[in-house]
$ cat entry20.csv   # CSV, C-alpha atoms
chain,number,residue,atom,x,y,z
A,4,MET,CA,87.3,120.7,75.6
A,5,SER,CA,90.2,121.5,73.4
A,6,GLU,CA,92.6,121.6,76.2
A,7,LYS,CA,94.8,118.5,76.7
A,8,GLU,CA,95.0,117.0,80.2
A,9,ILE,CA,98.2,115.3,80.9
A,10,LYS,CA,98.4,112.9,83.9
A,11,VAL,CA,101.4,112.5,86.1
A,12,GLY,CA,101.7,109.3,88.0
A,13,ILE,CA,103.4,108.7,91.3
A,14,GLY,CA,107.2,109.3,91.1
A,15,ASP,CA,107.0,110.9,87.6
A,16,MET,CA,107.1,114.2,85.8
A,17,LYS,CA,105.3,115.6,82.8
A,18,PHE,CA,105.5,119.0,81.1
A,19,ALA,CA,103.8,120.8,78.4
A,20,ARG,CA,103.6,124.1,76.5
A,21,GLY,CA,100.6,126.2,75.6
A,22,ASP,CA,97.0,124.9,76.0
A,23,SER,CA,97.4,122.0,78.3
A,24,ARG,CA,96.8,121.1,81.9
A,25,VAL,CA,99.1,118.9,83.7
A,26,ILE,CA,97.5,117.1,86.7
A,27,THR,CA,98.5,114.7,89.4
A,28,TYR,CA,95.9,113.0,91.6
A,29,ALA,CA,95.7,112.3,95.3
A,30,LEU,CA,99.0,113.5,96.7
A,31,GLY,CA,99.3,112.1,100.2
A,32,SER,CA,102.6,112.3,101.8
A,33,CYS,CA,104.0,112.8,98.3
A,34,ILE,CA,104.7,116.3,97.1
A,35,GLY,CA,103.8,117.9,93.8
A,36,VAL,CA,106.1,120.6,92.5
A,37,THR,CA,105.1,122.8,89.6
A,38,PHE,CA,107.6,124.8,87.5
A,39,TYR,CA,106.4,127.5,85.2
A,40,ASP,CA,108.1,129.8,82.9
A,41,PRO,CA,105.5,132.5,82.0
A,42,LEU,CA,107.4,134.0,79.1
A,43,ILE,CA,107.4,130.8,77.0
A,44,LYS,CA,104.4,129.2,78.6
A,45,LEU,CA,106.3,126.1,79.6
A,46,GLY,CA,105.1,124.2,82.7
A,47,GLY,CA,106.0,121.0,84.4
A,48,LEU,CA,104.6,119.0,87.3
A,49,LEU,CA,106.8,116.7,89.3
A,50,HIS,CA,105.3,114.1,91.8
A,51,ILE,CA,107.9,112.9,94.2
A,52,MET,CA,107.4,110.2,96.8
A,53,LEU,CA,110.6,110.1,99.0
A,54,PRO,CA,113.2,112.7,100.0
A,55,ALA,CA,116.5,111.4,98.7
A,56,ARG,CA,117.8,109.0,96.1
A,57,VAL,CA,120.1,106.7,98.1
A,58,ASP,CA,121.2,104.4,95.3
A,59,PRO,CA,122.8,106.5,92.5
A,60,ASN,CA,122.0,103.7,90.0
A,61,ASP,CA,118.3,103.8,90.7
A,62,PRO,CA,116.8,104.8,87.4
A,63,LYS,CA,113.6,106.2,88.9
A,64,VAL,CA,114.9,109.8,89.2
A,65,PHE,CA,111.5,111.4,89.6
A,66,LYS,CA,110.6,109.3,92.6
A,67,TYR,CA,112.9,111.3,94.9
A,68,ALA,CA,112.9,115.0,95.8
A,69,ASP,CA,116.6,115.6,95.2
A,70,SER,CA,117.1,113.8,91.9
A,71,GLY,CA,113.6,114.6,90.7
A,72,ILE,CA,113.9,118.4,91.0
A,73,ARG,CA,117.3,118.4,89.4
A,74,GLU,CA,116.3,116.2,86.5
A,75,THR,CA,113.1,118.2,86.0
A,76,LEU,CA,115.1,121.4,85.8
A,77,ARG,CA,117.6,119.8,83.4
A,78,LYS,CA,114.8,118.7,81.1
A,79,LEU,CA,112.9,121.9,81.2
A,80,THR,CA,116.0,124.0,80.7
A,81,ALA,CA,116.6,122.1,77.6
A,82,PHE,CA,113.2,123.2,76.4
A,83,GLY,CA,114.0,126.9,77.1
A,84,LEU,CA,113.0,127.4,80.7
A,85,MET,CA,115.0,130.1,82.4
A,86,LYS,CA,115.5,129.7,86.1
A,87,ASN,CA,115.2,133.4,86.9
A,88,ARG,CA,111.7,133.5,85.3
A,89,THR,CA,110.5,130.3,86.8
A,90,ILE,CA,107.6,130.2,89.2
A,91,VAL,CA,107.6,127.2,91.6
A,92,LYS,CA,104.7,126.1,93.7
A,93,ILE,CA,104.5,123.1,95.9
A,94,ALA,CA,101.7,121.0,97.5
A,95,GLY,CA,101.2,117.8,99.4
A,96,GLY,CA,103.3,116.4,102.3
A,97,ALA,CA,100.3,115.4,104.4
A,98,LYS,CA,100.3,113.1,107.3
A,99,MET,CA,97.8,110.6,106.3
A,100,PHE,CA,97.7,108.5,109.5
A,101,GLU,CA,98.3,109.7,113.0
A,102,MET,CA,100.1,106.8,114.7
A,103,LYS,CA,99.4,106.7,118.4
A,104,GLY,CA,101.8,105.1,120.9
A,105,SER,CA,105.1,103.4,120.2
A,106,GLY,CA,106.3,101.8,117.0
A,107,GLY,CA,105.4,104.8,114.9
A,108,SER,CA,108.2,107.2,115.8
A,109,ASP,CA,109.4,108.0,112.4
A,110,PHE,CA,106.4,106.8,110.7
A,111,GLY,CA,103.9,109.3,109.3
A,112,ASN,CA,106.5,111.9,109.2
A,113,ILE,CA,107.5,111.1,105.6
A,114,GLY,CA,105.4,114.0,104.4
A,115,GLN,CA,107.3,116.4,106.6
A,116,ARG,CA,110.6,115.0,105.5
A,117,ASN,CA,109.6,115.2,101.9
A,118,ALA,CA,108.6,118.9,102.3
A,119,ALA,CA,111.9,119.7,104.1
A,120,MET,CA,113.9,118.1,101.3
A,121,VAL,CA,112.0,119.7,98.5
A,122,LYS,CA,112.5,123.1,100.1
A,123,ARG,CA,116.2,122.5,100.6
A,124,VAL,CA,116.9,121.3,97.0
A,125,LEU,CA,114.9,124.3,95.6
A,126,MET,CA,116.9,126.7,97.7
A,127,ASP,CA,120.1,125.0,96.5
A,128,GLU,CA,118.9,125.6,93.0
A,129,ARG,CA,118.2,129.2,93.9
A,130,LEU,CA,114.5,128.9,93.2
A,131,ARG,CA,112.0,130.7,95.3
A,132,ILE,CA,108.7,129.0,96.2
A,133,ALA,CA,105.9,131.4,95.1
A,134,ALA,CA,103.2,129.5,96.9
A,135,GLU,CA,102.7,126.3,98.9
A,136,ASP,CA,99.9,124.2,100.4
A,137,ILE,CA,101.8,121.7,102.6
A,138,GLY,CA,100.9,119.5,105.5
A,139,GLY,CA,97.6,118.8,107.1
A,140,SER,CA,96.1,115.3,107.1
A,141,TYR,CA,94.3,115.2,103.7
A,142,ALA,CA,95.2,114.2,100.2
A,143,ARG,CA,95.3,116.8,97.4
A,144,THR,CA,95.0,116.7,93.7
A,145,MET,CA,97.2,119.3,92.0
A,146,LEU,CA,97.0,120.7,88.5
A,147,ILE,CA,98.7,123.4,86.5
A,148,ASP,CA,97.1,125.2,83.6
A,149,VAL,CA,100.0,125.8,81.3
A,150,SER,CA,98.3,128.4,79.3
A,151,ASN,CA,98.4,130.9,82.2
A,152,GLY,CA,100.4,129.2,85.0
A,153,ASP,CA,97.4,128.9,87.3
A,154,VAL,CA,97.9,126.1,89.9
A,155,ILE,CA,94.7,124.6,91.4
A,156,ILE,CA,94.5,122.3,94.5
A,157,ARG,CA,91.5,120.1,94.9
A,158,THR,CA,90.7,118.4,98.1
A,159,VAL,CA,87.6,116.6,99.4
A,160,GLY,CA,85.2,118.7,101.4
A,161,ARG,CA,86.9,122.0,100.7
A,162,PRO,CA,86.6,124.5,97.9
A,163,GLU,CA,89.1,124.5,95.1
A,164,LYS,CA,92.1,126.6,96.0
A,165,HIS,CA,94.3,128.6,93.6
A,166,LEU,CA,97.9,128.7,94.6
B,4,MET,CA,116.5,81.7,97.4
B,5,ARG,CA,116.0,84.9,99.4
B,6,LEU,CA,113.7,87.4,98.0
B,7,LYS,CA,114.7,91.0,97.5
B,8,LYS,CA,111.3,92.3,96.7
B,9,TYR,CA,107.6,91.3,96.5
B,10,GLU,CA,107.7,90.7,92.8
B,11,ASP,CA,110.4,88.0,93.2
B,12,MET,CA,107.8,85.7,94.7
B,13,ASN,CA,107.2,82.7,92.4
B,14,LEU,CA,103.9,80.9,91.9
B,15,GLN,CA,104.6,78.5,94.8
B,16,ASP,CA,105.3,81.3,97.2
B,17,LEU,CA,102.1,83.1,96.0
B,18,ASP,CA,100.1,79.9,96.5
B,19,VAL,CA,101.3,79.6,100.0
B,20,MET,CA,100.5,83.3,100.8
B,21,LYS,CA,97.1,82.7,99.2
B,22,GLU,CA,96.4,79.7,101.4
B,23,ILE,CA,97.3,81.6,104.6
B,24,SER,CA,95.3,84.6,103.4
B,25,SER,CA,92.3,82.3,102.8
B,26,ILE,CA,92.5,81.2,106.4
B,27,GLY,CA,93.2,84.7,107.7
B,28,THR,CA,90.3,86.1,105.8
B,29,SER,CA,87.9,83.5,106.9
B,30,HIS,CA,88.8,84.3,110.5
B,31,ALA,CA,88.2,87.9,109.8
B,32,ALA,CA,84.8,87.1,108.3
B,33,THR,CA,83.9,85.0,111.4
B,34,ALA,CA,84.8,87.9,113.6
B,35,LEU,CA,82.8,90.3,111.5
B,36,SER,CA,79.9,87.9,111.4
B,37,LYS,CA,79.9,87.6,115.3
B,38,LEU,CA,80.0,91.4,115.6
B,39,LEU,CA,77.2,92.0,113.1
B,40,GLN,CA,75.3,88.8,114.1
B,41,LYS,CA,74.8,88.0,110.5
B,42,GLU,CA,76.0,85.3,108.2
B,43,ILE,CA,78.9,86.5,106.3
B,44,ARG,CA,80.5,84.4,103.6
B,45,ILE,CA,83.7,85.2,101.8
B,46,SER,CA,85.0,84.4,98.3
B,47,ILE,CA,88.4,82.8,98.0
B,48,PRO,CA,90.9,85.6,98.2
B,49,GLU,CA,93.2,86.5,95.4
B,50,ILE,CA,96.7,87.7,96.1
B,51,SER,CA,98.2,90.1,93.7
B,52,ILE,CA,101.5,91.9,93.7
B,53,LEU,CA,100.6,95.1,92.1
B,54,GLY,CA,102.1,98.5,91.4
B,55,TYR,CA,100.5,101.6,92.9
B,56,GLU,CA,98.3,102.5,90.0
B,57,GLU,CA,97.1,99.0,89.5
B,58,THR,CA,96.2,98.7,93.2
B,59,VAL,CA,94.3,102.0,93.0
B,60,ASP,CA,92.4,100.8,89.9
B,61,ARG,CA,91.5,97.5,91.6
B,62,LEU,CA,90.1,99.2,94.6
B,63,GLY,CA,88.3,102.1,93.0
B,64,ASP,CA,88.9,105.6,91.8
B,65,ILE,CA,92.0,107.5,92.8
B,66,GLU,CA,90.1,110.5,94.2
B,67,GLU,CA,87.3,108.4,95.7
B,68,LEU,CA,86.8,108.9,99.4
B,69,VAL,CA,87.5,105.8,101.6
B,70,THR,CA,88.0,105.0,105.2
B,71,ALA,CA,91.2,103.2,106.0
B,72,THR,CA,92.6,101.6,109.1
B,73,LEU,CA,96.3,101.1,109.5
B,74,VAL,CA,98.0,98.8,112.0
B,75,ARG,CA,101.7,98.3,112.3
B,76,MET,CA,103.2,94.9,112.9
B,77,SER,CA,106.3,94.3,114.9
B,78,ASN,CA,108.2,91.6,116.8
B,79,GLU,CA,109.0,88.6,114.6
B,80,ILE,CA,107.2,90.1,111.6
B,81,ASN,CA,107.5,93.7,110.8
B,82,GLY,CA,105.3,95.6,108.4
B,83,LEU,CA,101.9,97.2,107.9
B,84,MET,CA,98.3,96.0,107.6
B,85,LEU,CA,95.9,98.3,105.9
B,86,PHE,CA,92.2,97.8,105.6
B,87,VAL,CA,90.2,99.9,103.2
B,88,PHE,CA,86.4,100.4,103.5
B,89,LYS,CA,84.4,101.5,100.6
B,90,MET,CA,81.0,102.9,101.1
B,91,ASP,CA,79.0,99.7,100.5
B,92,LEU,CA,80.8,97.6,103.0
B,93,ALA,CA,80.9,100.5,105.5
B,94,ASN,CA,77.1,100.9,105.3
B,95,ALA,CA,76.6,97.2,105.7
B,96,VAL,CA,78.6,97.5,108.9
B,97,LEU,CA,77.2,100.8,110.2
B,98,GLY,CA,73.6,99.9,109.4
B,99,LYS,CA,73.9,96.9,111.7
B,100,LEU,CA,76.1,98.4,114.4
B,101,ILE,CA,74.7,101.8,114.9
B,102,GLY,CA,71.5,101.6,112.9
B,103,ARG,CA,72.3,104.3,110.4
B,104,GLU,CA,73.6,104.5,106.9
B,105,TYR,CA,75.5,107.3,105.2
B,106,ASP,CA,75.5,108.7,101.7
B,107,SER,CA,79.2,109.5,101.8
B,108,PHE,CA,82.2,109.3,104.1
B,109,GLU,CA,82.1,113.1,104.4
B,110,GLU,CA,79.0,112.7,106.6
B,111,LEU,CA,80.6,110.3,109.1
B,112,ASP,CA,80.2,111.5,112.6
B,113,GLU,CA,82.5,110.6,115.5
B,114,LEU,CA,80.5,107.5,116.4
B,115,ALA,CA,80.4,106.1,112.9
B,116,TYR,CA,84.1,106.8,112.4
B,117,SER,CA,85.0,105.0,115.7
B,118,ALA,CA,82.8,102.1,114.7
B,119,LEU,CA,84.6,101.7,111.4
B,120,GLU,CA,88.0,102.0,113.0
B,121,GLU,CA,87.1,99.3,115.5
B,122,VAL,CA,85.7,97.0,112.8
B,123,GLY,CA,88.8,97.6,110.6
B,124,ASN,CA,90.9,96.8,113.7
B,125,ILE,CA,89.0,93.6,114.4
B,126,ILE,CA,89.3,92.4,110.9
B,127,ILE,CA,93.1,93.0,110.9
B,128,CYS,CA,93.6,91.5,114.3
B,129,SER,CA,91.7,88.3,113.5
B,130,TYR,CA,93.5,88.0,110.3
B,131,VAL,CA,96.9,88.4,111.9
B,132,ASN,CA,95.9,86.0,114.8
B,133,ALA,CA,95.2,83.3,112.3
B,134,PHE,CA,98.4,84.1,110.6
B,135,THR,CA,100.6,83.9,113.7
B,136,GLN,CA,99.1,80.5,114.7
B,137,LEU,CA,99.6,79.1,111.2
B,138,VAL,CA,103.1,80.4,110.6
B,139,GLY,CA,104.2,80.0,114.2
B,140,VAL,CA,105.5,83.6,114.7
B,141,GLU,CA,104.8,86.2,117.2
B,142,ILE,CA,103.4,89.5,116.0
B,143,ASP,CA,102.7,92.5,118.1
B,144,LEU,CA,100.1,95.0,116.7
B,145,SER,CA,100.1,98.7,117.2
B,146,VAL,CA,97.0,100.7,118.2
B,147,PRO,CA,95.0,101.3,115.0
B,148,SER,CA,95.0,104.6,113.2
B,149,SER,CA,92.3,105.6,110.7
B,150,THR,CA,91.7,108.2,108.1
B,151,VAL,CA,89.0,109.3,105.8
B,152,ASN,CA,90.8,110.3,102.7
B,153,MET,CA,91.2,109.9,98.9
B,154,LEU,CA,92.0,106.3,98.0
B,155,GLY,CA,95.1,107.4,96.1
B,156,GLY,CA,96.5,109.3,99.0
B,157,VAL,CA,95.9,106.4,101.4
B,158,LEU,CA,97.8,104.0,99.2
B,159,THR,CA,100.8,106.3,99.0
B,160,VAL,CA,101.4,105.5,102.7
B,161,PRO,CA,102.7,101.9,102.2
B,162,MET,CA,104.3,103.0,98.9
B,163,ALA,CA,106.4,105.5,100.7
B,164,GLU,CA,107.1,103.2,103.6
B,165,TYR,CA,108.7,100.6,101.3
B,166,GLY,CA,109.6,102.9,98.5
B,167,TYR,CA,113.3,102.3,99.0
B,168,VAL,CA,112.9,98.6,98.5
B,169,THR,CA,110.0,98.0,96.2
B,170,ASP,CA,107.3,99.8,94.1
B,171,LYS,CA,104.8,97.0,94.6
B,172,LEU,CA,102.1,96.2,97.1
B,173,MET,CA,100.7,92.9,98.2
B,174,TYR,CA,97.0,93.2,97.8
B,175,ILE,CA,94.6,90.6,99.3
B,176,ASN,CA,91.3,90.7,97.7
B,177,ALA,CA,88.3,88.8,99.0
B,178,GLU,CA,84.7,89.6,98.7
B,179,PHE,CA,82.5,89.6,101.8
B,180,ILE,CA,79.1,88.4,101.0
B,181,VAL,CA,76.5,89.9,103.3
B,182,ASP,CA,72.8,89.3,102.7
B,183,GLY,CA,73.6,88.0,99.2
B,184,LYS,CA,75.4,91.2,98.3
B,185,ARG,CA,79.0,91.0,97.3
B,186,LEU,CA,80.9,93.7,99.1
B,187,SER,CA,84.4,94.4,98.1
B,188,ASP,CA,87.1,95.0,100.7
B,189,GLY,CA,90.7,95.9,100.4
B,190,LEU,CA,93.2,94.4,102.7
B,191,LEU,CA,96.8,95.0,102.2
B,192,MET,CA,99.3,93.0,104.1
B,193,LEU,CA,102.8,94.4,103.8
B,194,PRO,CA,105.5,92.6,105.7
B,195,ASP,CA,108.9,94.0,105.1
B,196,ILE,CA,111.1,91.9,102.8
B,197,GLU,CA,113.1,90.3,105.6
B,198,SER,CA,109.8,89.2,107.3
B,199,LEU,CA,108.4,87.9,104.1
B,200,ASN,CA,111.4,85.7,103.7
B,201,SER,CA,111.1,84.4,107.2
B,202,ILE,CA,107.4,83.6,106.6
B,203,LEU,CA,108.2,81.6,103.5
B,204,GLU,CA,111.1,79.9,105.2
B,205,LYS,CA,108.9,78.9,108.2
B,206,LEU,CA,106.4,77.4,105.9
B,207,GLY,CA,109.0,75.4,104.2
B,208,VAL,CA,109.1,77.1,100.8
B,209,SER,CA,111.8,79.2,99.3
$ encode --input "entry20.csv" --output "structure tokens"
Amino acid sequence: MSEKEIKVGIGDMKFARGDSRVITYALGSCIGVTFYDPLIKLGGLLHIMLPARVDPNDPKVFKYADSGIRETLRKLTAFGLMKNRTIVKIAGGAKMFEMKGSGGSDFGNIGQRNAAMVKRVLMDERLRIAAEDIGGSYARTMLIDVSNGDVIIRTVGRPEKHL
Amino acid sequence: MRLKKYEDMNLQDLDVMKEISSIGTSHAATALSKLLQKEIRISIPEISILGYEETVDRLGDIEELVTATLVRMSNEINGLMLFVFKMDLANAVLGKLIGREYDSFEELDELAYSALEEVGNIIICSYVNAFTQLVGVEIDLSVPSSTVNMLGGVLTVPMAEYGYVTDKLMYINAEFIVDGKRLSDGLLMLPDIESLNSILEKLGVS
């Protein structure tokens, strides 16, 4: 296989141009956001874990939806990405455990809160979400083929899905 | 010295946690042994403070399907307990309990799923019971919740829960030895930082 596969860890972002695939494994309550500029074949994949960066000095910008999306856009723009051409797709935000009874009020809703924040920040940035695969109770692996912008979602027990 | 995150624990703190875990795990093994009516031995647990990816690597493959049971602790200690079954341990349990083994977690029926949830819960409860007696704290446990999911996805749950405080997990690794076979398990005990401090204080360290 001549294609390069670039792995994105939790709370991180990677991007590539041309013949590469950028992949992130097992998104649970986390959310994967792909950014793709088809004209210059530039694609990035961001893997956020939490909604908002509370401490402005926290260096882990890609861990949070708000700072992560902004920093990704800043970086990709520097490499020629134009917002008005950019195709954004999102996946993840699952509820991995259903907590019964008390003590779990807010718990397990992190996926939902992540999704809401991602959508809000993208809207603020005037980016439309072209496709999404959000929620449910199962983990997802997300990959973007940068040569054509194809985004693939892999889950256990279900066929691969093209977003 | 008060700790701000898991990785601030020094060797002495870790030794203390290891000692408690050793007792907790042996209680868990005894409970399991009674349930399965089989002799179960355990190896001395190791305690590791690991990042997300290291924890995944220790337990298996990121996309590997596992069954996990989660229980929330409250009262004097707040936090999470997570028990992860891999297929070998699950089959040792299911073979004995319901007389059937499975090729993969995808095939689990309702009965097998409930059985694993119950066993996960028993392991966690007996572990926590030993812990409360030893440390002298009261801990209330929530109803267990389980999932069959990718290992990587399961572990993002505690990561996200404490993501604003730390990027590390406290992983307790002991091997259950059943019929001469070493079966790995994954138990994660994740007290919040305030609780961790009070545990260490009660035990006279830190």
$ closest_residue --input "entry20.csv" --among "B:Lys37, B:Arg61, B:Arg44, B:Lys7" --to "Val122 (chain B)" --atoms "only C-alpha atoms"
B:Lys37
$ interface_residues --input "entry20.csv" --of "chain A" --to "chain B" --cutoff "12 Å" --atoms "only C-alpha atoms" --output "PyMOL selection string"
chain A and resi 11-14+27-34+50-58+61+63+66-67+95-114+116-117+139-145+157-161
$ atom_distance --input "entry20.csv" --atom1 "CA of Pro59 (chain A)" --atom2 "CA of Met120 (chain A)"
17.1 Å
$ residues_around --input "entry20.csv" --residues "region 123-134 of chain A" --least-positions-apart "2" --cutoff "9 Å" --atoms "all atoms listed in the file" --output "JSON, numbers by chain"
{"A": [68, 69, 72, 73, 86, 87, 89, 90, 91, 92, 93, 94, 118, 119, 120, 121, 136, 166]}
$ atom_distance --input "entry20.csv" --atom1 "CA of Gly54 (chain B)" --atom2 "CA of Pro161 (chain B)"
11.3 Å
$ residues_around --input "entry20.csv" --residues "Ile9 (chain A)" --least-positions-apart "4" --cutoff "9 Å" --atoms "all atoms listed in the file" --output "VMD selection string"
chain A and resid 17 to 19 23 to 27
$ closest_residue --input "entry20.csv" --among "A:Val36, A:Lys164, A:Gly152, A:Met85" --to "Lys122 (chain A)" --atoms "only C-alpha atoms"
A:Val36
$ closest_residue --input "entry20.csv" --among "B:Leu186, B:Leu193, B:Leu97, B:Ala34" --to "Ser46 (chain B)" --atoms "all atoms listed in the file"
B:Leu186
$ closest_residue --input "entry20.csv" --among "B:Glu22, B:Asp11, B:Arg5, B:Val96" --to "Ala133 (chain B)" --atoms "all atoms listed in the file"
B:Glu22
$ closest_residue --input "entry20.csv" --among "B:Gln40, B:Ser29, B:Thr58, B:Ser51" --to "Ile127 (chain B)" --atoms "all atoms listed in the file"
B:Ser29
$ atom_distance --input "entry20.csv" --atom1 "CA of Pro162 (chain A)" --atom2 "CA of Glu8 (chain A)"
21.0 Å
$ closest_residue --input "entry20.csv" --among "A:Leu84, A:Phe65, A:Gly46, A:Gly35" --to "Asp22 (chain A)" --atoms "all atoms listed in the file"
A:Gly46
$ residues_near_point --input "entry20.csv" --point "(93.3, 96.5, 106.7)" --cutoff "9 Å" --atoms "all atoms listed in the file" --output "PDB file with C-alpha atoms, in the frame of the given file"
ATOM      1  CA  ALA B  71      91.200 103.200 106.000  1.00  0.00           C
ATOM      2  CA  THR B  72      92.600 101.600 109.100  1.00  0.00           C
ATOM      3  CA  LEU B  73      96.300 101.100 109.500  1.00  0.00           C
ATOM      4  CA  VAL B  74      98.000  98.800 112.000  1.00  0.00           C
ATOM      5  CA  LEU B  83     101.900  97.200 107.900  1.00  0.00           C
ATOM      6  CA  MET B  84      98.300  96.000 107.600  1.00  0.00           C
ATOM      7  CA  LEU B  85      95.900  98.300 105.900  1.00  0.00           C
ATOM      8  CA  PHE B  86      92.200  97.800 105.600  1.00  0.00           C
ATOM      9  CA  VAL B  87      90.200  99.900 103.200  1.00  0.00           C
ATOM     10  CA  PHE B  88      86.400 100.400 103.500  1.00  0.00           C
ATOM     11  CA  GLY B 123      88.800  97.600 110.600  1.00  0.00           C
ATOM     12  CA  ASN B 124      90.900  96.800 113.700  1.00  0.00           C
ATOM     13  CA  ILE B 126      89.300  92.400 110.900  1.00  0.00           C
ATOM     14  CA  ILE B 127      93.100  93.000 110.900  1.00  0.00           C
ATOM     15  CA  ASP B 188      87.100  95.000 100.700  1.00  0.00           C
ATOM     16  CA  GLY B 189      90.700  95.900 100.400  1.00  0.00           C
ATOM     17  CA  LEU B 190      93.200  94.400 102.700  1.00  0.00           C
ATOM     18  CA  LEU B 191      96.800  95.000 102.200  1.00  0.00           C
ATOM     19  CA  MET B 192      99.300  93.000 104.100  1.00  0.00           C
TER      20      MET B 192
END
$ decode --input "entry20.csv" --residues "region 43-108 of chain A" --atoms "C-alpha atoms" --output "compact mmCIF listing (two decimals), in the first residue's frame"
# COMPACT_ATOMS: atom_id res chain seq x y z
CA ILE A 43 -6.04 21.60 -2.81
CA LYS A 44 -6.72 18.11 -1.39
CA LEU A 45 -5.90 19.15 2.15
CA GLY A 46 -7.59 17.23 4.93
CA GLY A 47 -7.39 17.25 8.72
CA LEU A 48 -8.90 15.14 11.48
CA LEU A 49 -9.41 16.48 14.98
CA HIS A 50 -10.23 14.23 17.96
CA ILE A 51 -11.69 16.22 20.85
CA MET A 52 -12.53 14.86 24.27
CA LEU A 53 -14.26 17.67 26.15
CA PRO A 54 -16.41 20.65 25.24
CA ALA A 55 -14.56 23.72 26.43
CA ARG A 56 -11.09 24.76 27.41
CA VAL A 57 -11.59 26.24 30.87
CA ASP A 58 -7.97 27.11 31.67
CA PRO A 59 -6.66 29.43 28.96
CA ASN A 60 -3.11 28.33 29.79
CA ASP A 61 -3.83 24.67 29.18
CA PRO A 62 -1.46 23.79 26.32
CA LYS A 63 -3.59 20.86 25.13
CA VAL A 64 -5.64 22.86 22.66
CA PHE A 65 -6.84 19.87 20.65
CA LYS A 66 -8.42 18.23 23.68
CA TYR A 67 -11.35 20.64 23.68
CA ALA A 68 -14.00 21.37 21.07
CA ASP A 69 -13.71 25.15 21.18
CA SER A 70 -9.94 25.60 21.17
CA GLY A 71 -9.45 22.47 19.05
CA ILE A 72 -11.61 23.58 16.16
CA ARG A 73 -10.15 27.09 16.17
CA GLU A 74 -6.56 25.89 16.29
CA THR A 75 -7.22 23.32 13.55
CA LEU A 76 -8.67 26.04 11.32
CA ARG A 77 -5.77 28.34 12.05
CA LYS A 78 -3.25 25.66 11.12
CA LEU A 79 -5.04 24.44 8.02
CA THR A 80 -5.65 27.97 6.81
CA ALA A 81 -1.92 28.55 7.00
CA PHE A 82 -1.56 25.60 4.63
CA GLY A 83 -3.99 27.09 2.14
CA LEU A 84 -7.38 25.84 3.29
CA MET A 85 -10.22 28.18 2.37
CA LYS A 86 -13.17 28.11 4.69
CA ASN A 87 -15.74 28.59 1.94
CA ARG A 88 -14.52 25.41 0.20
CA THR A 89 -14.18 23.37 3.36
CA ILE A 90 -16.27 20.25 3.88
CA VAL A 91 -16.77 19.39 7.55
CA LYS A 92 -18.00 16.03 8.82
CA ILE A 93 -18.39 14.91 12.42
CA ALA A 94 -18.73 11.56 14.21
CA GLY A 95 -18.77 10.19 17.74
CA GLY A 96 -20.44 11.60 20.83
CA ALA A 97 -21.77 8.24 21.96
CA LYS A 98 -23.17 7.46 25.36
CA MET A 99 -21.02 4.51 26.32
CA PHE A 100 -22.72 3.62 29.59
CA GLU A 101 -26.34 4.06 30.53
CA MET A 102 -26.23 5.05 34.20
CA LYS A 103 -29.34 3.94 36.00
CA GLY A 104 -30.65 5.55 39.15
CA SER A 105 -29.14 8.47 40.98
CA GLY A 106 -25.58 9.65 41.06
CA GLY A 107 -25.30 9.69 37.32
CA SER A 108 -27.28 12.79 36.46
